[in-house]
Amino acid sequence: MPPRTPEEEIARFDPSVPLDEASTPPSAWYTDPGVYALERSRVFGRSWLAAAREDQLRSPGDWVADETAGERYLVSRDATGSLHAFVNVCRHRASAVAQGCGRAERLVCPYHGWTYALDGRLLGAPDLGAVKGFERERSGLLPLSSAAWGPFVFVSRSPRPRPLQEELAPLASRRESSGYASLRFAARRTYELACNWKVFVDNYLDGGYHVPLLHRGLAAQLDLSSYRTEIFERFSIQSSAGSAPDARPASPGAGTDFAERIGGGAIYAWIYPSFMINRYGPMMDTNWVVPLAPDRTRVHMDYYFEETEGERAREFIERSLAASDVVQREDIGICESVQQGLASSSFESGRYSVKRQAGEHHFHRLLAADLRTPAE
């Protein structure tokens, strides 16, 4: 029997089957380079994607450059304070115009010195004076859509994206009521995983199913009987109350590092396809999931705290980052194990927990809709 095409593999998952009857997508969704190539255009090519923090683009001249799913982008704030986003590819010989982040009056490609304004216009192209038919006004950086939402900046490669504020409107009130405005960015930690990006997202969306076994320190601080998942059009929210203080372990190493962090409970918001906002206690962290290859993923974790100044605040931040790192290492281990299993000839698909994995099923249904629709 000849191998199935990526389109045939996509068609094997039926998004109309209800949760209690459905099976998960076939393992090829997580291993086939052809499926990954379609995701780059049909999922990441039409979605709003987290691109930067607003505090990185606070002043005129600020810029941030990064990539997701193999596509480089650049976000900048010009001298008038307007926000812009571009494909981070020089129009001359395709070099990245900028890398990392910084502040400048103009952007200069490091390869041949082509120079661009912060609004993307081409200002200078050395030694091209004798080139016939060269149109400077049509050779600026290719624009992308951009939008600020709370403390985050998003970009979209879609030529006609749905307004971000409209897409996330039901989440905005939850964001405001969480008191996020009092939080300040404190640190970033980046992890690389030997797994498909969807394995990490699936793990995040499994409704706390894995928490009691995999994250025992965290589980001790949550009342998992209260854990619930709310499904919206393009995002979902998981939440759990904190455990009663007398139910928390008193011995070191059994979850005490989590007590101050979790407080009265936790809220985990996932925005399709690959951005998570986690709010609990006096802090917040975000997971920005960056696909690198069919079996390789980068996750940026940005941490925000109510207090960032002073010795006591710094000590709390360090303890919180250490506790978070424990959870991330646990997740990395299981995600990489799952990826190996998905590559096995003995596994095709599994079933969903009706009680726990509605969020995961919702994710797969959104993916199926995008993957079945050719890119614009």
# chains A, B, ... in the order shown; residues from 1 in each chain; ligands from 1
$ select_by_dssp --residues "region 84-181 of chain A" --states "strand (DSSP E or B)" --output "ChimeraX atom specification"
/A:84-87,100-103,107-108,115-116,122-124,143-149,152-156
$ residues_around --residues "region 301-316 of chain A" --least-positions-apart "3" --cutoff "6 Å" --atoms "only C-alpha atoms" --output "number ranges by chain"
A: 182-189, 282-287, 319
$ write_last_selection --atoms "N, CA, C and O atoms" --output "tab-separated table (two decimals), in the first residue's frame"
chain	number	residue	atom	x	y	z
A	182	SER	N	-1.10	45.39	36.87
A	182	SER	CA	-0.16	45.62	37.97
A	182	SER	C	1.11	44.79	37.82
A	182	SER	O	2.05	44.93	38.63
A	183	LEU	N	1.18	43.93	36.81
A	183	LEU	CA	2.31	43.03	36.64
A	183	LEU	C	3.40	43.66	35.78
A	183	LEU	O	3.12	44.44	34.87
A	184	ARG	N	4.64	43.29	36.06
A	184	ARG	CA	5.77	43.79	35.30
A	184	ARG	C	6.62	42.61	34.83
A	184	ARG	O	6.86	41.66	35.58
A	185	PHE	N	7.09	42.71	33.59
A	185	PHE	CA	7.95	41.66	33.05
A	185	PHE	C	9.23	41.56	33.88
A	185	PHE	O	9.83	42.56	34.23
A	186	ALA	N	9.66	40.31	34.16
A	186	ALA	CA	10.85	40.11	34.99
A	186	ALA	C	11.90	39.24	34.33
A	186	ALA	O	13.09	39.45	34.53
A	187	ALA	N	11.49	38.23	33.56
A	187	ALA	CA	12.48	37.29	33.03
A	187	ALA	C	11.91	36.48	31.89
A	187	ALA	O	10.70	36.29	31.78
A	188	ARG	N	12.80	36.00	31.03
A	188	ARG	CA	12.43	35.05	29.98
A	188	ARG	C	13.32	33.82	30.12
A	188	ARG	O	14.53	33.91	30.38
A	189	ARG	N	12.71	32.65	29.95
A	189	ARG	CA	13.43	31.39	29.88
A	189	ARG	C	12.99	30.69	28.60
A	189	ARG	O	11.81	30.67	28.27
A	282	PRO	N	0.49	36.06	42.66
A	282	PRO	CA	0.98	37.40	42.34
A	282	PRO	C	1.78	37.45	41.05
A	282	PRO	O	2.64	38.31	40.89
A	283	MET	N	1.52	36.54	40.12
A	283	MET	CA	2.35	36.49	38.93
A	283	MET	C	1.57	35.97	37.72
A	283	MET	O	0.43	35.53	37.82
A	284	MET	N	2.23	36.04	36.58
A	284	MET	CA	1.70	35.52	35.33
A	284	MET	C	2.88	35.05	34.51
A	284	MET	O	3.98	35.62	34.57
A	285	ASP	N	2.68	33.98	33.74
A	285	ASP	CA	3.68	33.63	32.74
A	285	ASP	C	2.98	33.29	31.44
A	285	ASP	O	1.78	33.01	31.41
A	286	THR	N	3.72	33.38	30.36
A	286	THR	CA	3.18	33.06	29.04
A	286	THR	C	4.05	32.02	28.37
A	286	THR	O	5.27	31.97	28.59
A	287	ASN	N	3.42	31.18	27.56
A	287	ASN	CA	4.13	30.20	26.75
A	287	ASN	C	3.93	30.58	25.29
A	287	ASN	O	2.80	30.57	24.80
A	319	ARG	N	12.85	31.98	43.35
A	319	ARG	CA	12.20	30.74	43.79
A	319	ARG	C	11.10	30.32	42.81
A	319	ARG	O	10.94	29.13	42.52
$ residues_around --residues "Tyr280 (chain A)" --least-positions-apart "3" --cutoff "6 Å" --atoms "only C-alpha atoms" --output "short mmCIF file (atom, residue, chain, number, x, y, z; two decimals) with N, CA and C atoms, in the first residue's frame"
data_model
loop_
_atom_site.label_atom_id
_atom_site.label_comp_id
_atom_site.auth_asym_id
_atom_site.auth_seq_id
_atom_site.Cartn_x
_atom_site.Cartn_y
_atom_site.Cartn_z
N ILE A 262 0.83 29.93 43.57
CA ILE A 262 -0.52 29.59 43.13
C ILE A 262 -1.58 30.43 43.84
N GLY A 265 -5.68 30.13 43.28
CA GLY A 265 -6.04 29.31 42.13
C GLY A 265 -5.28 29.73 40.89
N ALA A 266 -5.60 29.08 39.79
CA ALA A 266 -4.87 29.32 38.55
C ALA A 266 -5.84 29.38 37.38
N MET A 283 1.52 36.54 40.12
CA MET A 283 2.35 36.49 38.93
C MET A 283 1.57 35.97 37.72
#
$ closest_residue --among "A:Leu38, A:Val289, A:Ala130, A:Val97" --to "Trp63 (chain A)" --atoms "only C-alpha atoms"
A:Val97
$ residues_around --residues "Ser346 (chain A)" --least-positions-apart "5" --cutoff "12 Å" --atoms "only C-alpha atoms" --output "NGL selection string"
:A and (26-27 or 340-341)
$ closest_residue --among "A:Ser146, A:Ser95, A:Ser320, A:Thr31" --to "Leu83 (chain A)" --atoms "only C-alpha atoms"
A:Ser146
$ select_by_dssp --residues "region 309-370 of chain A" --states "helix (DSSP H, G or I)" --output "VMD selection string"
chain A and resid 311 to 342 358 to 370
$ closest_residue --among "A:Ala50, A:Val89, A:Val108, A:Val43" --to "Gly150 (chain A)" --atoms "only C-alpha atoms"
A:Ala50
$ atom_distance --atom1 "CA of Gly359 (chain A)" --atom2 "CA of Ala269 (chain A)"
10.6 Å
$ closest_atom_pairs --of "region 93-188 of chain A" --to "region 220-235 of chain A" --cutoff "10 Å" --atoms "only C-alpha atoms" --output "Markdown table"
| residue | atom | partner | partner_atom | distance |
| --- | --- | --- | --- | --- |
| A:Glu167 | CA | A:Arg234 | CA | 7.1 |
| A:Leu168 | CA | A:Arg234 | CA | 7.7 |
| A:Pro170 | CA | A:Phe232 | CA | 8.1 |
| A:Leu171 | CA | A:Phe235 | CA | 8.3 |
$ residues_around --residues "Pro291 (chain A)" --least-positions-apart "4" --cutoff "9 Å" --atoms "only C-alpha atoms" --output "PyMOL selection string"
chain A and resi 40+68-70+196-198+295-299
$ write_last_selection --atoms "N, CA and C atoms" --output "mmCIF file, in the first residue's frame"
data_model
loop_
_atom_site.group_PDB
_atom_site.id
_atom_site.type_symbol
_atom_site.label_atom_id
_atom_site.label_comp_id
_atom_site.auth_asym_id
_atom_site.auth_seq_id
_atom_site.Cartn_x
_atom_site.Cartn_y
_atom_site.Cartn_z
ATOM 1 N N ARG A 40 2.432 25.349 8.072
ATOM 2 C CA ARG A 40 3.130 26.628 7.941
ATOM 3 C C ARG A 40 2.304 27.634 7.156
ATOM 4 N N THR A 68 8.616 32.348 13.535
ATOM 5 C CA THR A 68 7.768 31.246 13.955
ATOM 6 C C THR A 68 7.421 30.426 12.731
ATOM 7 N N ALA A 69 7.485 29.103 12.881
ATOM 8 C CA ALA A 69 7.204 28.163 11.796
ATOM 9 C C ALA A 69 8.008 28.506 10.540
ATOM 10 N N GLY A 70 9.259 28.897 10.739
ATOM 11 C CA GLY A 70 10.146 29.140 9.614
ATOM 12 C C GLY A 70 9.994 30.473 8.926
ATOM 13 N N ASN A 196 7.074 17.566 18.140
ATOM 14 C CA ASN A 196 6.228 18.405 17.320
ATOM 15 C C ASN A 196 5.545 19.456 18.198
ATOM 16 N N TRP A 197 5.309 20.620 17.649
ATOM 17 C CA TRP A 197 4.712 21.706 18.437
ATOM 18 C C TRP A 197 3.345 21.321 19.000
ATOM 19 N N LYS A 198 2.606 20.492 18.271
ATOM 20 C CA LYS A 198 1.257 20.117 18.718
ATOM 21 C C LYS A 198 1.294 19.189 19.924
ATOM 22 N N ASP A 295 9.680 17.748 14.200
ATOM 23 C CA ASP A 295 9.965 17.104 15.480
ATOM 24 C C ASP A 295 10.803 17.983 16.406
ATOM 25 N N ARG A 296 10.680 19.311 16.235
ATOM 26 C CA ARG A 296 11.479 20.214 17.074
ATOM 27 C C ARG A 296 10.694 21.486 17.337
ATOM 28 N N THR A 297 10.702 21.920 18.593
ATOM 29 C CA THR A 297 9.898 23.066 19.026
ATOM 30 C C THR A 297 10.686 23.905 20.019
ATOM 31 N N ARG A 298 10.504 25.210 19.934
ATOM 32 C CA ARG A 298 11.070 26.127 20.932
ATOM 33 C C ARG A 298 9.916 26.750 21.703
ATOM 34 N N VAL A 299 10.074 26.857 23.016
ATOM 35 C CA VAL A 299 9.057 27.504 23.850
ATOM 36 C C VAL A 299 9.716 28.634 24.635
#
$ residues_around --residues "Tyr73 (chain A)" --least-positions-apart "2" --cutoff "9 Å" --atoms "only C-alpha atoms" --output "ChimeraX atom specification"
/A:51,64-68,71,75,85-89,96,144,155
